[in-house]
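**Student:** Take a look at this one; I'll ask things after.
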Amino acid sequence: MFTIDQIKEAHSKVKSGADFPQYIQDLIALGVIHYNTYVKDGHTVYWGCDNYRIQSPPKYDNLQVADVGNMSDFIHHLNAHQAGETDYPQFCKDAADDGVEKWVVDMVEMTCVYYDRAGHKIYEEEIPTP
């Protein structure tokens with residue numbers, strides 16, 4: 001099964017949202033089926049086959065996630081990040097300001113769904129292939 005160190009190695013190649021599709025392919029190759037990333041502190045829970053599960057430590061100090069999701073602002077920030085205009089820490093700060101509590105990446109469905117603190121879907125996107 002995969003390790004946090006292997007995932008860190010794959011993530012080290014990501015410089016902006018433009019690198020996300022290749023990152024997903026790298027995780028699939030490791031055996032990751034889906035993962036949840038929590039905006040508050042950047043920790044992620046990864047799942048593989050047979051209920052295999054590992055969790056990364058927090059990546060940064062706690063961010064305050066807005067109480068209410070703002071889809072239009074979030075989509076603007078997501079598009080900027082995917083165009084390479086922001087780095088990952090800035091994207092996470094923007095997501096927190098826009099009320100995104102977590103995102104869930106499903107490698108089977110090839111989707112990334114962003115949720116607010118109440119568990120409502122803010123936005124769903126298909127993950128493109130590189």
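Residues in the structure tokens are numbered from 1 in each chain, the chains being A, B, ... in the order shown, and ligands are numbered from 1 in the order shown.
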Residues within 9 Å of Lys93 of chain A, please, as a VMD selection string. Count only C-alpha atoms; anything in the same chain fewer than 6 positions from it doesn't count.
**Tutor:** chain A and resid 39 to 40 63 to 65
**Student:** When you look at Met1 of chain A with a cut-off of 12 Å (counting only C-alpha atoms), what residues show up, excluding the ones that are within fewer than 4 positions of it in the same chain? I need them as a list in words.
**Tutor:**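 Surrounding residues, per the criterion: Asp5, Gln6, Ile7, Leu27, Ile28, Ala29, Leu30, Gly31, Val32, Ile33, Tyr46, Trp47, Gly48, Cys49, Asp50, Asn51, Tyr52, Arg53 and Ile54 of chain A.
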**Student:** As a PyMOL selection string, please: the residues near Tyr60 of chain A (cut-off 9 Å, only C-alpha atoms, same-chain neighbours under 2 positions excluded).
**Tutor:** chain A and resi 40-43+58+62-63+89
**Student:** Using atom CA of Asp67 of chain A and atom CA of Thr111 of chain A as the two end points, give the distance in Å to one decimal.
**Tutor:** 24.2 Å
**Student:** Apply DSSP to the backbone of this structure and, from segment 41-111 of chain A, keep only the residues in alpha helix (DSSP H); write these as a list in words.
**Tutor:** Met71, Ser72, Asp73, Phe74, Ile75, His76, His77, Leu78, Asn79, Ala80, His81, Gln82, Tyr88, Pro89, Gln90, Phe91, Cys92, Lys93, Asp94, Ala95, Ala96 and Asp97 of chain A
**Student:** Out of segment 29-94 of chain A, which residues get strand (DSSP E) from DSSP, as JSON, numbers by chain?
**Tutor:** {"A": [34, 35, 36, 37, 38, 44, 45, 46, 47, 53, 54, 55]}
**Student:** A:Ile75, A:Asn36, A:Gln82, A:Lys15: which is nearest Ser56 of chain A, counting only C-alpha atoms?
**Tutor:** A:Asn36
**Student:** Using only C-alpha atoms, which residue out of A:Leu78, A:Cys92, A:Gly84, A:Asp19 lies closest to Asp61 of chain A?
**Tutor:**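 Under the stated criterion, the closest residue is A:Cys92.
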**Student:** Pick out the closest residue to Asp116 of chain A from this set: A:Thr129, A:Tyr38, A:His77, A:Gln90. Count only C-alpha atoms.
**Tutor:** A:Tyr38
**Student:** Near Tyr35 of chain A, within 7 Å and counting only C-alpha atoms, which residues show up once chain neighbours fewer than 5 positions away are dropped, as a PyMOL selection string?
**Tutor:** chain A and resi 44-47+104-106
**Student:** Which is closer to Ile4 of chain A than all the others in A:Phe20, A:His34, A:Pro57, A:Lys102, using only C-alpha atoms?
**Tutor:**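 Ranked by minimum distance to Ile4 of chain A, first place goes to A:Pro57.
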**Student:** Within 10 Å of Pro130 of chain A, counting only C-alpha atoms, which residues show up once you throw out same-chain ones fewer than 5 positions away? Write them as a list in words, please.
**Tutor:** Ala18, Asp19, Phe20, Pro21, Gln22, Tyr23, Ile24 and Gln25 of chain A
**Student:** Ranking A:Ser72, A:Glu85, A:Ala80, A:Met110 by minimum distance to Ile122 of chain A and counting only C-alpha atoms, which one comes first?
**Tutor:** A:Ser72
**Student:** If you measure from atom CA of Thr37 of chain A to atom CA of Met107 of chain A, what distance in Å do you get, rounded to one decimal?
**Tutor:**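 Between atom CA of Thr37 of chain A and atom CA of Met107 of chain A the gap is 13.9 Å.
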**Student:** Do you have the atom CA of Gly17 of chain A-atom CA of His81 of chain A distance handy?
**Tutor:** 5.1 Å
**Student:** Phe74 of chain A: which residues within 10 Å, counting only C-alpha atoms, same-chain residues fewer than 6 positions away excluded, as a PyMOL selection string?
**Tutor:** chain A and resi 80+91+94-100+114+122-123
**Student:** Given the choices A:Val14, A:Lys59, A:Tyr115, A:Lys8, which gets closest to Asp87 of chain A if the distance is worked out from only C-alpha atoms?
**Tutor:**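 Smallest separation from Asp87 of chain A among the options: A:Val14.
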